[in-house]
Every structure is written in C-alpha cells, then in structure tokens.
Amino acid sequence: MGAGLATALHDDRADDFERSGCFPDEVVSCERQVPQWWTEAIQRIGMLMDLSDNWDSYGAKAPNVSIAHCAVDILQEIALPGIPQPAIVPTPRGNIQFEWHEQGIDLELEVLSQAKISVSFEDSETGAEWDVELDYNLTPLSDSLKLLINRRMLINQAIGNTLPGRDSHY
Amino acid sequence: MNGPALPYFSDPPLQEVAVSVQFEPLQRLVVPEIGLLWQHYGSKYHHVEQHPLLPSKIERIGVRPPFLRKPTLQLVDGPVLPRVWFLSEDERELIQIQQDRFVRNWRKLEKDDDYPRYDDHIRPEFLSDLRDFYDFVSKNSIGDIVPNQCEVTYSNLIASGECWATHADIGKAFTAWSHTYAQTSRYELEDARFSIRYLIRAEDGDFLGRLYVTAEPMFIGIDETPGFRLDLVSRGRPLSPALEGIMGFIDLGREHIVRAFADVTTPDLHRIWGRQGN
C-alpha cells in the first residue's frame, strides 16, 4: 500500500516545570508518560501498512490505515506502567493484533474497529481461559494486563530487582 | 435522566454549541461524494471550507486516559479526505463532515446574536441534517453508518463585569473554586484554571461516557477585558445504534451540561444571565 509513516511527540501542557524525578516509580499520574517501546511499536504498526492483500498466500486481507489508527489509540489507553512490549501482528481478516505470551499467560487482543476489540486470555497457572468481544468497558482486559504485570514484578523481585516498573520498558 | 426541571437562563454566555456523532469510517466517502453531498443539502449551506481531520475519540472505562505527551501517528495512504465545512450564508451555522464524523455547530458571531435554544433549533436542525446525511449515504451506497460516540459541546465566554473584575476573582465566578482561599492565601493570586472530569452512567449504572468541564482564563478584545472560557463537553456511546439512540445520548449529554453549568457557576452570575426556575 506504500503508506507513509510519521510519529511525533506533542506536549499540550502550557507549563512544563523542571522536575527532579523525586517521586517513586509507584506514583503514577492520571495522565501517563509514554512507554520506552512506544516508538518501536508505532514503527511496527507502520510497517504493517506495507502489506498487500494475500500477504499470507491464503487470501488474507491487508490492514488499512483506519485500523492502524484504531490500534494506536487502543494501545495508548492500555499501556499501563510496567506493561511489557507486545508482539504486533496482522490478522487474516485485515486487523491488527497485540500479543503477550509470558509468565504463563497468553493474552491476545485483536483490534476490530474504533469501538470494538476481541480479547483471548489463557492462564496456565490457574487454568482460566476466556474469549470476549469488548467495546466501551475494558476492565476485563486491564485486569488481565495487571495480572501479567504483577507476575513480572514478582519475578523481578525474586531475581533481586526490587524496583518494580524500572525495567527496560519504561 | 430524571430529576427536577432543567435550569433556564434567558441570556446565557454561550459562544458556540456543537453536536456530533462519530461512526466507523466510511471508506467510500471521498471527494466526489462530498460534492454530491453539498448539492444534496441544496441552498441551505452556501460556503465550503476544508480543515484538518479531527482525531477519533472513544470514551472507555477500565483503561487510563491517553498520554499527556501525545504521540501522534500520521499514516497516509494516498489522498486523504479532509474535514469539510458547509457553512450557512451568514456563517453562524455549519456542518462538518469527515469519514467518521458528522458535526453541526451554531456560533455567536455578533454581540447581539441570541442563542436559538436547544429544543427550538439546535436539536431539530441537527436531527434534520443528520437524517439528510443518512439518506445521502444510503442512496449513494457509501456504506452503513455504525455510530460509536456522540458528543455535545457548549462553549461559554464569561466576561468580567459587576460580579468579578480580575482572573484572581475566579471564586466569584465559579463555585468549583473557593473564593475564601483566594482571600486568605498568603500569596497574591494572579489567575487559575480548572478541569473536571465526571462519569456519565445509565440509570442501571452502566458506563455511558464522560462530562468534561474546563475553565480557562483569557482576555477579550482590544481592551483586554478579563474573561473565562468555560467549556462543557459530554461524550459517550449512543444508547442504541439507531437515530433514536444517538439522540438519546445527545439529549442526556446536553442535560448534564446544563445542570453542570448551573452547578459550577455562582448565583451572582446566574442573576445576570437571567436564571429562571430551578
């Protein structure tokens, strides 16, 4: 499709005070900062725009610009502090999917439209497993992401890193 | 939303009212169709303008607000249909169209312009133009309109006068700011602003959307009269995908705006604006 890609950081605060970073990492503003992996994720979504129809040689549709914008919007809202970088893949029906496979959790989120996502969750530790389509209430998704983040924190603590959130992703 | 009758102001400080619906992008709504759409509206709208696209917005719960430092993504895949304005002859009213949005605005251009009232004008004109848009999209096989958000915006300009003089008097204009604080603070207040976010829920507690209330100090005209811009925005999902569901949220959102406007502004200002009833 040859879509061009550009990303920019825009700061709409009138006053950006010089801060010393004295708050601990556990204190998170209602308005958040961008994860370190953000640019890489955006570039990956941009790369998916280069796909053509039949990219998997089984008749898959290529994702379009509209679904890419939806994917960026949803990723921005679910990027909780400490969230690991997701794998970002195209789906055969022309959508974009985020995936996390770690800490015994398999979490897949397919962006279907501006207001609809499909979520698939499996936890090998508890045996929990569900698939659901969500629109305006994303609580089940954020609960799953928090579970993933907490398990990562516990692992980090177990290996001596006692500063949760200070991993390579932020 | 049931409750006491809505507050009524005979002379509100309204500058602009916008009512809109967002839907899944209509990929086949491109430049030639926009020309046909302008014809479809006939002589109602005389002028056309192009403007940059509005970003899509969805109110969700269970997630955090978007980043403060907004990373923006600009993907371009061939020519992009801009946001198009169709303006009435006197330019007081306009509709805005883009692939995922239909907006209708009324704006005050002259000091003596009267607000034409929601029930008498704003609502029926929006509904009439939106119906025409639905008809056009259907007749021209442009796609199915799948609405996902509705939005109502009331933008007010509150000029200083008999109740308050400088931005430091913010507590005399807004109940959301304590005037006592300004009087007792050891520091000389220069100005202040506020931004409030409320949840909008259905009667059964189901999340519908949010109401945003923001006040921003500003100066008006060449004599730099102090003023506050007070914006109230209700945004949320349609109560159903049908036109009735769209209007259902818009009516509810507007009701929240009117009540919140009365709540956050002071009785002294209400007297100036001719508050009647509750």
# chains A, B, ... in the order shown; residues from 1 in each chain; ligands from 1
>>> select_by_dssp(residues="segment 64-171 of chain B", states="strand (DSSP E or B)", output="PDB file with N, CA and C atoms, in the first residue's frame")
ATOM      1  N   ARG B  69       1.739  13.534  27.048  1.00  0.00           N
ATOM      2  CA  ARG B  69       2.563  13.871  25.878  1.00  0.00           C
ATOM      3  C   ARG B  69       2.062  12.976  24.759  1.00  0.00           C
ATOM      4  N   LYS B  70       1.255  13.534  23.900  1.00  0.00           N
ATOM      5  CA  LYS B  70       0.537  12.699  22.945  1.00  0.00           C
ATOM      6  C   LYS B  70       1.419  12.254  21.778  1.00  0.00           C
ATOM      7  N   PRO B  71       1.696  10.972  21.669  1.00  0.00           N
ATOM      8  CA  PRO B  71       2.390  10.521  20.482  1.00  0.00           C
ATOM      9  C   PRO B  71       1.364  10.432  19.356  1.00  0.00           C
ATOM     10  N   THR B  72       1.637  11.039  18.265  1.00  0.00           N
ATOM     11  CA  THR B  72       0.655  11.027  17.187  1.00  0.00           C
ATOM     12  C   THR B  72       1.167  10.181  16.038  1.00  0.00           C
ATOM     13  N   LEU B  73       0.257   9.553  15.385  1.00  0.00           N
ATOM     14  CA  LEU B  73       0.608   8.708  14.250  1.00  0.00           C
ATOM     15  C   LEU B  73      -0.032   9.318  13.021  1.00  0.00           C
ATOM     16  N   GLN B  74       0.773   9.567  12.025  1.00  0.00           N
ATOM     17  CA  GLN B  74       0.225  10.080  10.773  1.00  0.00           C
ATOM     18  C   GLN B  74       0.518   9.062   9.692  1.00  0.00           C
ATOM     19  N   LEU B  75      -0.496   8.350   9.286  1.00  0.00           N
ATOM     20  CA  LEU B  75      -0.344   7.378   8.210  1.00  0.00           C
ATOM     21  C   LEU B  75      -1.081   7.917   7.007  1.00  0.00           C
ATOM     22  N   VAL B  76      -0.407   7.920   5.907  1.00  0.00           N
ATOM     23  CA  VAL B  76      -1.021   8.461   4.698  1.00  0.00           C
ATOM     24  C   VAL B  76      -1.050   7.374   3.640  1.00  0.00           C
ATOM     25  N   ARG B  83     -11.513  17.238   6.499  1.00  0.00           N
ATOM     26  CA  ARG B  83     -12.791  17.581   7.141  1.00  0.00           C
ATOM     27  C   ARG B  83     -13.357  18.754   6.353  1.00  0.00           C
ATOM     28  N   VAL B  84     -14.601  18.619   5.937  1.00  0.00           N
ATOM     29  CA  VAL B  84     -15.214  19.650   5.091  1.00  0.00           C
ATOM     30  C   VAL B  84     -16.288  20.375   5.889  1.00  0.00           C
ATOM     31  N   TRP B  85     -16.275  21.696   5.795  1.00  0.00           N
ATOM     32  CA  TRP B  85     -17.325  22.508   6.413  1.00  0.00           C
ATOM     33  C   TRP B  85     -18.298  22.981   5.330  1.00  0.00           C
ATOM     34  N   PHE B  86     -19.583  22.868   5.582  1.00  0.00           N
ATOM     35  CA  PHE B  86     -20.613  23.541   4.788  1.00  0.00           C
ATOM     36  C   PHE B  86     -21.193  24.623   5.687  1.00  0.00           C
ATOM     37  N   LEU B  87     -21.060  25.879   5.260  1.00  0.00           N
ATOM     38  CA  LEU B  87     -21.497  26.990   6.117  1.00  0.00           C
ATOM     39  C   LEU B  87     -22.750  27.656   5.568  1.00  0.00           C
ATOM     40  N   GLU B  93     -24.047  29.081  11.221  1.00  0.00           N
ATOM     41  CA  GLU B  93     -24.292  27.649  11.375  1.00  0.00           C
ATOM     42  C   GLU B  93     -23.492  26.884  10.328  1.00  0.00           C
ATOM     43  N   LEU B  94     -23.029  25.718  10.734  1.00  0.00           N
ATOM     44  CA  LEU B  94     -22.253  24.917   9.791  1.00  0.00           C
ATOM     45  C   LEU B  94     -22.377  23.448  10.130  1.00  0.00           C
ATOM     46  N   ILE B  95     -22.152  22.618   9.133  1.00  0.00           N
ATOM     47  CA  ILE B  95     -21.966  21.198   9.405  1.00  0.00           C
ATOM     48  C   ILE B  95     -20.560  20.822   8.976  1.00  0.00           C
ATOM     49  N   GLN B  96     -20.004  19.861   9.677  1.00  0.00           N
ATOM     50  CA  GLN B  96     -18.655  19.386   9.400  1.00  0.00           C
ATOM     51  C   GLN B  96     -18.751  17.886   9.114  1.00  0.00           C
ATOM     52  N   ILE B  97     -18.104  17.495   8.025  1.00  0.00           N
ATOM     53  CA  ILE B  97     -18.166  16.091   7.617  1.00  0.00           C
ATOM     54  C   ILE B  97     -16.746  15.563   7.423  1.00  0.00           C
ATOM     55  N   GLN B  98     -16.464  14.412   7.962  1.00  0.00           N
ATOM     56  CA  GLN B  98     -15.276  13.644   7.575  1.00  0.00           C
ATOM     57  C   GLN B  98     -15.673  12.175   7.591  1.00  0.00           C
ATOM     58  N   ARG B 101     -17.202  11.257  10.946  1.00  0.00           N
ATOM     59  CA  ARG B 101     -17.801  12.269  11.820  1.00  0.00           C
ATOM     60  C   ARG B 101     -18.837  13.108  11.110  1.00  0.00           C
ATOM     61  N   PHE B 102     -19.911  13.432  11.836  1.00  0.00           N
ATOM     62  CA  PHE B 102     -20.887  14.417  11.392  1.00  0.00           C
ATOM     63  C   PHE B 102     -21.089  15.382  12.564  1.00  0.00           C
ATOM     64  N   VAL B 103     -20.836  16.662  12.326  1.00  0.00           N
ATOM     65  CA  VAL B 103     -20.923  17.672  13.394  1.00  0.00           C
ATOM     66  C   VAL B 103     -21.792  18.815  12.904  1.00  0.00           C
ATOM     67  N   ARG B 104     -22.630  19.355  13.794  1.00  0.00           N
ATOM     68  CA  ARG B 104     -23.361  20.577  13.442  1.00  0.00           C
ATOM     69  C   ARG B 104     -23.114  21.615  14.527  1.00  0.00           C
ATOM     70  N   ASN B 105     -22.743  22.828  14.087  1.00  0.00           N
ATOM     71  CA  ASN B 105     -22.403  23.905  15.021  1.00  0.00           C
ATOM     72  C   ASN B 105     -23.329  25.097  14.862  1.00  0.00           C
ATOM     73  N   TRP B 106     -23.615  25.742  15.974  1.00  0.00           N
ATOM     74  CA  TRP B 106     -24.148  27.109  15.969  1.00  0.00           C
ATOM     75  C   TRP B 106     -23.116  27.962  16.697  1.00  0.00           C
ATOM     76  N   ARG B 107     -22.853  29.158  16.159  1.00  0.00           N
ATOM     77  CA  ARG B 107     -21.878  30.019  16.833  1.00  0.00           C
ATOM     78  C   ARG B 107     -22.357  31.459  16.843  1.00  0.00           C
ATOM     79  N   PRO B 147     -22.684   4.100  14.345  1.00  0.00           N
ATOM     80  CA  PRO B 147     -22.254   5.133  15.295  1.00  0.00           C
ATOM     81  C   PRO B 147     -21.587   4.511  16.517  1.00  0.00           C
ATOM     82  N   ASN B 148     -20.524   5.187  17.016  1.00  0.00           N
ATOM     83  CA  ASN B 148     -19.878   4.668  18.233  1.00  0.00           C
ATOM     84  C   ASN B 148     -19.714   5.719  19.326  1.00  0.00           C
ATOM     85  N   GLN B 149     -19.865   6.994  19.005  1.00  0.00           N
ATOM     86  CA  GLN B 149     -19.795   8.040  20.030  1.00  0.00           C
ATOM     87  C   GLN B 149     -20.673   9.216  19.620  1.00  0.00           C
ATOM     88  N   CYS B 150     -21.218   9.886  20.635  1.00  0.00           N
ATOM     89  CA  CYS B 150     -21.959  11.129  20.416  1.00  0.00           C
ATOM     90  C   CYS B 150     -21.295  12.190  21.294  1.00  0.00           C
ATOM     91  N   GLU B 151     -21.425  13.430  20.879  1.00  0.00           N
ATOM     92  CA  GLU B 151     -20.756  14.481  21.648  1.00  0.00           C
ATOM     93  C   GLU B 151     -21.580  15.761  21.598  1.00  0.00           C
ATOM     94  N   VAL B 152     -21.677  16.427  22.733  1.00  0.00           N
ATOM     95  CA  VAL B 152     -22.312  17.742  22.814  1.00  0.00           C
ATOM     96  C   VAL B 152     -21.313  18.684  23.467  1.00  0.00           C
ATOM     97  N   THR B 153     -21.099  19.852  22.860  1.00  0.00           N
ATOM     98  CA  THR B 153     -20.157  20.830  23.398  1.00  0.00           C
ATOM     99  C   THR B 153     -20.849  22.170  23.566  1.00  0.00           C
ATOM    100  N   TYR B 154     -20.756  22.749  24.742  1.00  0.00           N
ATOM    101  CA  TYR B 154     -21.229  24.113  24.989  1.00  0.00           C
ATOM    102  C   TYR B 154     -20.008  24.932  25.385  1.00  0.00           C
ATOM    103  N   SER B 155     -19.723  25.961  24.603  1.00  0.00           N
ATOM    104  CA  SER B 155     -18.566  26.802  24.874  1.00  0.00           C
ATOM    105  C   SER B 155     -19.053  28.189  25.270  1.00  0.00           C
ATOM    106  N   ASN B 156     -18.678  28.618  26.463  1.00  0.00           N
ATOM    107  CA  ASN B 156     -19.151  29.897  27.011  1.00  0.00           C
ATOM    108  C   ASN B 156     -18.000  30.872  27.171  1.00  0.00           C
ATOM    109  N   LEU B 157     -18.304  32.149  27.034  1.00  0.00           N
ATOM    110  CA  LEU B 157     -17.322  33.182  27.305  1.00  0.00           C
ATOM    111  C   LEU B 157     -17.896  34.086  28.391  1.00  0.00           C
ATOM    112  N   ILE B 158     -17.273  34.045  29.558  1.00  0.00           N
ATOM    113  CA  ILE B 158     -17.788  34.777  30.718  1.00  0.00           C
ATOM    114  C   ILE B 158     -16.891  35.987  30.950  1.00  0.00           C
ATOM    115  N   ALA B 159     -17.394  37.150  30.571  1.00  0.00           N
ATOM    116  CA  ALA B 159     -16.587  38.369  30.681  1.00  0.00           C
ATOM    117  C   ALA B 159     -16.704  38.952  32.085  1.00  0.00           C
TER     118      ALA B 159
END
>>> select_by_dssp(residues="segment 46-248 of chain B", states="alpha helix (DSSP H)", output="VMD selection string")
chain B and resid 123 to 139 170 to 173 179 to 184 243 to 248
>>> write_last_selection(atoms="C-alpha atoms", output="mmCIF file, in the first residue's frame")
data_model
loop_
_atom_site.group_PDB
_atom_site.id
_atom_site.type_symbol
_atom_site.label_atom_id
_atom_site.label_comp_id
_atom_site.auth_asym_id
_atom_site.auth_seq_id
_atom_site.Cartn_x
_atom_site.Cartn_y
_atom_site.Cartn_z
ATOM 1 C CA ARG B 123 -31.763 19.716 18.267
ATOM 2 C CA PRO B 124 -34.252 19.741 15.355
ATOM 3 C CA GLU B 125 -31.714 21.226 12.920
ATOM 4 C CA PHE B 126 -29.076 18.660 13.907
ATOM 5 C CA LEU B 127 -31.550 15.817 13.546
ATOM 6 C CA SER B 128 -32.827 17.091 10.194
ATOM 7 C CA ASP B 129 -29.315 17.476 8.741
ATOM 8 C CA LEU B 130 -28.219 14.127 10.158
ATOM 9 C CA ARG B 131 -31.265 12.434 8.583
ATOM 10 C CA ASP B 132 -30.334 14.003 5.254
ATOM 11 C CA PHE B 133 -26.797 12.685 5.684
ATOM 12 C CA TYR B 134 -28.123 9.174 6.411
ATOM 13 C CA ASP B 135 -30.355 9.382 3.312
ATOM 14 C CA PHE B 136 -27.432 10.504 1.179
ATOM 15 C CA VAL B 137 -25.125 7.738 2.429
ATOM 16 C CA SER B 138 -27.828 5.143 1.820
ATOM 17 C CA LYS B 139 -28.881 6.367 -1.647
ATOM 18 C CA ILE B 170 -12.221 33.162 39.874
ATOM 19 C CA GLY B 171 -14.033 32.174 43.072
ATOM 20 C CA LYS B 172 -16.669 34.848 42.406
ATOM 21 C CA ALA B 173 -17.422 33.300 39.026
ATOM 22 C CA HIS B 179 -13.155 32.425 46.901
ATOM 23 C CA THR B 180 -12.204 32.179 50.588
ATOM 24 C CA TYR B 181 -8.969 30.530 49.574
ATOM 25 C CA ALA B 182 -8.007 33.462 47.356
ATOM 26 C CA GLN B 183 -8.764 35.898 50.181
ATOM 27 C CA THR B 184 -6.860 34.022 52.876
ATOM 28 C CA LEU B 243 -31.006 7.541 15.284
ATOM 29 C CA GLU B 244 -33.141 7.441 18.443
ATOM 30 C CA GLY B 245 -30.172 6.044 20.357
ATOM 31 C CA ILE B 246 -27.920 8.812 19.061
ATOM 32 C CA MET B 247 -30.432 11.484 20.064
ATOM 33 C CA GLY B 248 -30.915 9.701 23.380
#
>>> residues_around(residues="Leu81 of chain B", least_positions_apart="2", cutoff="12 Å", atoms="only C-alpha atoms", output="list in words")
Pro25, Leu26, Gln27, Arg28, Leu29, Val30, Val31, Pro32, Glu33, Ile34, Gly35, Gln50, His51, Pro52, Leu53, Leu54, Val76, Asp77, Gly78, Pro79, Arg83, Val84, Ile97, Gln98, Gln99, Asp100 and Arg101 of chain B
>>> write_last_selection(atoms="C-alpha atoms", output="compact mmCIF listing (two decimals), in the first residue's frame")
# COMPACT_ATOMS: atom_id res chain seq x y z
CA PRO B 25 -15.05 5.31 8.94
CA LEU B 26 -16.99 5.36 5.67
CA GLN B 27 -14.16 4.42 3.33
CA ARG B 28 -16.23 5.24 0.24
CA LEU B 29 -16.99 8.79 1.39
CA VAL B 30 -14.43 10.58 -0.80
CA VAL B 31 -14.12 13.89 -2.61
CA PRO B 32 -16.71 13.35 -5.42
CA GLU B 33 -19.29 12.24 -2.83
CA ILE B 34 -18.63 15.36 -0.78
CA GLY B 35 -19.53 17.45 -3.84
CA GLN B 50 -11.51 22.44 4.22
CA HIS B 51 -9.96 21.78 7.61
CA PRO B 52 -7.59 19.22 9.17
CA LEU B 53 -9.13 15.96 10.34
CA LEU B 54 -10.43 15.59 13.88
CA VAL B 76 -1.02 8.46 4.70
CA ASP B 77 -2.35 6.10 2.08
CA GLY B 78 -2.99 8.19 -1.00
CA PRO B 79 -5.06 11.38 -0.95
CA ARG B 83 -12.79 17.58 7.14
CA VAL B 84 -15.21 19.65 5.09
CA ILE B 97 -18.17 16.09 7.62
CA GLN B 98 -15.28 13.64 7.57
CA GLN B 99 -15.17 9.90 7.00
CA ASP B 100 -16.02 9.14 10.63
CA ARG B 101 -17.80 12.27 11.82
>>> closest_residue(among="A:Met49, A:Ala68, A:Ser144, A:Thr139", to="Trp100 of chain A", atoms="only C-alpha atoms")
A:Ser144
>>> closest_residue(among="B:Val80, B:Leu37, B:Ala215, B:Cys163", to="Pro267 of chain B", atoms="only C-alpha atoms")
B:Cys163
>>> atom_distance(atom1="atom CA of Ala242 of chain B", atom2="atom CA of Ser43 of chain B")
27.8 Å
>>> residues_around(residues="Ser160 of chain B", least_positions_apart="3", cutoff="6 Å", atoms="only C-alpha atoms", output="PyMOL selection string")
chain B and resi 164-165+226-227
>>> closest_residue(among="B:His40, B:Arg254, B:Arg237, B:Arg92", to="chain A", atoms="only C-alpha atoms")
B:Arg237
>>> closest_residue(among="A:Thr91, A:Gly160, A:Gln36, A:Ile155", to="Ala60 of chain A", atoms="only C-alpha atoms")
A:Thr91
